[in-house]
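The structure appears right after this line, and notes come after that.
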Amino acid sequence: MTKPIAIIPALLFLATLQPLYAQNYEITLRTEKMQDSLLYIGQHYRDEFILMDSTRRRADGSYQFKGKRAWQRGVYAFVRQEVNKRKEKKLVGLTDFVVDGSQKFTISADSAFNPQNMKVTGSDACSRMYAYMGRISQGRAEGKAISERMKSADSADARHDQEALTKRMLAYEEETLEKNKKQLFFQLLKQFRGPQVPDDVENKAVYYRTHYWDSIDLTDHSLCYTPDLFNKMNYYFFGVLYHADADTICRYADMVLTRLDGDTTMMRYFMDFIAPRYYRSTKNIGWDYVWCYLVENYYLKGRCGWASEGEITNKKKQARFLEKSLIGAYGQELIMRDTTQLESHTISSHRQPKKYMILWFWDPDCHHCQEQTAALIEVYNKLEAEGKRVFEVFAVGYESDINKWKNYVKKHNLPFLNVGGPNVNIDYQEAYNVHGAPTMIILNADRQIILNKSIPAASLIPFIEQYERQHPEQKDREPSFWQKNASPTGFVN
């Protein structure tokens, strides 16, 4: 088990846990230099804690939790309250322990809670857990030292030592798991080890993604109250699948989530965590599509039994709004006036001769917009001089004072199609889900959206090249309808 990085308190009732007969319990923590007046015991639930008990620091510096309760066999943590720089209170886990058999035990630790130095009396389960964690920690330290040696002249000897260490640690792990197979900690450890990829598998990444959940019993609700299930879920969706395209993420999400159909507890455990992280992600291309997919195929199809009618209606409304600006959707044509603000100088975002159109929503009052616009000008002019510019920039002065915008365009000699002002054919904020500046949208020859996240100007050509590698039919694309109907002056007739 590992210590959670950041934890938020949760007020949840463990209704799914089976009732047990209450017993006297006495759990004591002794540690160096800890001055907290109050300490808690928490049970894991995703990246939060369910607070189970609290106690005050005793005169001898120890913390004793005492009373009568039937503790569920499971993983718990000693938890403290901390205040960050913004004066916000948060709960932070100090170290995990297990209740597996005895409910009366004492744990002694150093100030850093190093497992090698943990001493336990009264709980064989905790004692064996810390012994294992200490040995693994020691092995990692040995491995780090060997890695440092590999940088020097005796690297051949170091490689030999590394192989020997790996062999010893694997043997130790197998022996320990077998010897302690009836104990909860080691049962969890074995279940959450991850798939072993055969050497003869051609595509190891696909195998790993596909078999990642094979050893996990997702019908076991008690796994919700361990750090292991959260860590595995979090790593799978936002580690293993982090760089996958949206269609791939949806395919593997289905592979996991269909196993949870009819199990409201488990489905909610996963969905309440993963879905919000795909909603309007500012960094990851295509993640908004994943959110819409989850809403369409799970919430709107009645597979999220906990969701109220109001929540489902709201998610449906949000999904319909986002769908307009998803990658693959056809971008809506914008018709706006240039800096003259004359009706005769109205420009279309679509009826232009260049293959690619960059919609650039910016504000001259925004410092980041100024920096990114300057970088875009540099790339634009360089490619123009080389005769390699395959895109046009439809630069929209976003929520800015017209005179200030016009003066900025003139002063900095913006070479784009500069448009702005109140005269526009549609609400571009709604059409392209624009919620701030700068925002970049890239359209292809058919004026389909191929990028709906801002990227650095220097990445534009590499992005277009990658897009054409993935879509070879776009490389030598014939002029589209919009290009064929482009106005020689750039203005809408």
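By order of appearance in the structure tokens: chains A, B, ..., then residues from 1 within every chain, and ligands from 1 in the order shown.
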Check: Within 12 Å of Glu473 in chain A, counting only C-alpha atoms, which residues qualify if same-chain residues fewer than 6 places away don't, as a list in words?
Finding: Asn444, Ala445, Asp446 and Tyr467 of chain A
Convert the current residue selection to file output with N, CA, C and O atoms, as a PDB file, in the first residue's frame.
```
ATOM      1  N   ASN A 444     -10.236  21.319 -41.217  1.00  0.00           N
ATOM      2  CA  ASN A 444      -9.560  20.760 -42.391  1.00  0.00           C
ATOM      3  C   ASN A 444     -10.179  21.309 -43.675  1.00  0.00           C
ATOM      4  O   ASN A 444     -10.957  22.271 -43.657  1.00  0.00           O
ATOM      5  N   ALA A 445      -9.840  20.684 -44.791  1.00  0.00           N
ATOM      6  CA  ALA A 445     -10.320  21.181 -46.088  1.00  0.00           C
ATOM      7  C   ALA A 445     -11.835  21.152 -46.204  1.00  0.00           C
ATOM      8  O   ALA A 445     -12.426  21.974 -46.903  1.00  0.00           O
ATOM      9  N   ASP A 446     -12.467  20.206 -45.529  1.00  0.00           N
ATOM     10  CA  ASP A 446     -13.930  20.127 -45.542  1.00  0.00           C
ATOM     11  C   ASP A 446     -14.551  20.933 -44.415  1.00  0.00           C
ATOM     12  O   ASP A 446     -15.744  20.869 -44.197  1.00  0.00           O
ATOM     13  N   TYR A 467      -1.467  14.740 -38.572  1.00  0.00           N
ATOM     14  CA  TYR A 467      -2.863  14.541 -38.998  1.00  0.00           C
ATOM     15  C   TYR A 467      -2.905  13.908 -40.382  1.00  0.00           C
ATOM     16  O   TYR A 467      -3.693  12.984 -40.633  1.00  0.00           O
TER      17      TYR A 467
END
```
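Every protein, DNA or RNA residue with an atom at most 8 Å from Gln23 in chain A, where only C-alpha atoms count and chain neighbours fewer than 4 positions away do not, is listed here: Lys68, Arg69 and Ala70 of chain A.
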How about saving the chosen residues, N, CA, C and O atoms kept, as an mmCIF file, in the first residue's frame?
```
data_model
loop_
_atom_site.group_PDB
_atom_site.id
_atom_site.type_symbol
_atom_site.label_atom_id
_atom_site.label_comp_id
_atom_site.auth_asym_id
_atom_site.auth_seq_id
_atom_site.Cartn_x
_atom_site.Cartn_y
_atom_site.Cartn_z
ATOM 1 N N LYS A 68 -15.874 0.160 21.366
ATOM 2 C CA LYS A 68 -16.519 -1.100 21.003
ATOM 3 C C LYS A 68 -17.093 -0.950 19.602
ATOM 4 O O LYS A 68 -17.930 -0.089 19.345
ATOM 5 N N ARG A 69 -16.592 -1.742 18.706
ATOM 6 C CA ARG A 69 -17.035 -1.665 17.314
ATOM 7 C C ARG A 69 -16.617 -2.939 16.601
ATOM 8 O O ARG A 69 -15.622 -3.555 16.937
ATOM 9 N N ALA A 70 -17.370 -3.289 15.575
ATOM 10 C CA ALA A 70 -16.986 -4.402 14.706
ATOM 11 C C ALA A 70 -16.284 -3.815 13.487
ATOM 12 O O ALA A 70 -16.929 -3.352 12.556
#
```
Item checked: Residue nearest His367 in chain A - candidates A:Leu188, A:Val393, A:Ala171, A:Ala437, atoms counted: only C-alpha atoms ->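 Nearest to His367 in chain A: A:Ala437.
Of note, CA of Phe185 in chain A and CA of Ala131 in chain A are spaced 11.9 Å apart.
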Next item on the list: List every residue of range 266-382 of chain A that DSSP, applied to the backbone, labels as helix (DSSP H, G or I), and write the result as a PyMOL selection string.
Entry: chain A and resi 266-278+287-299+309-323+343-345+367-382
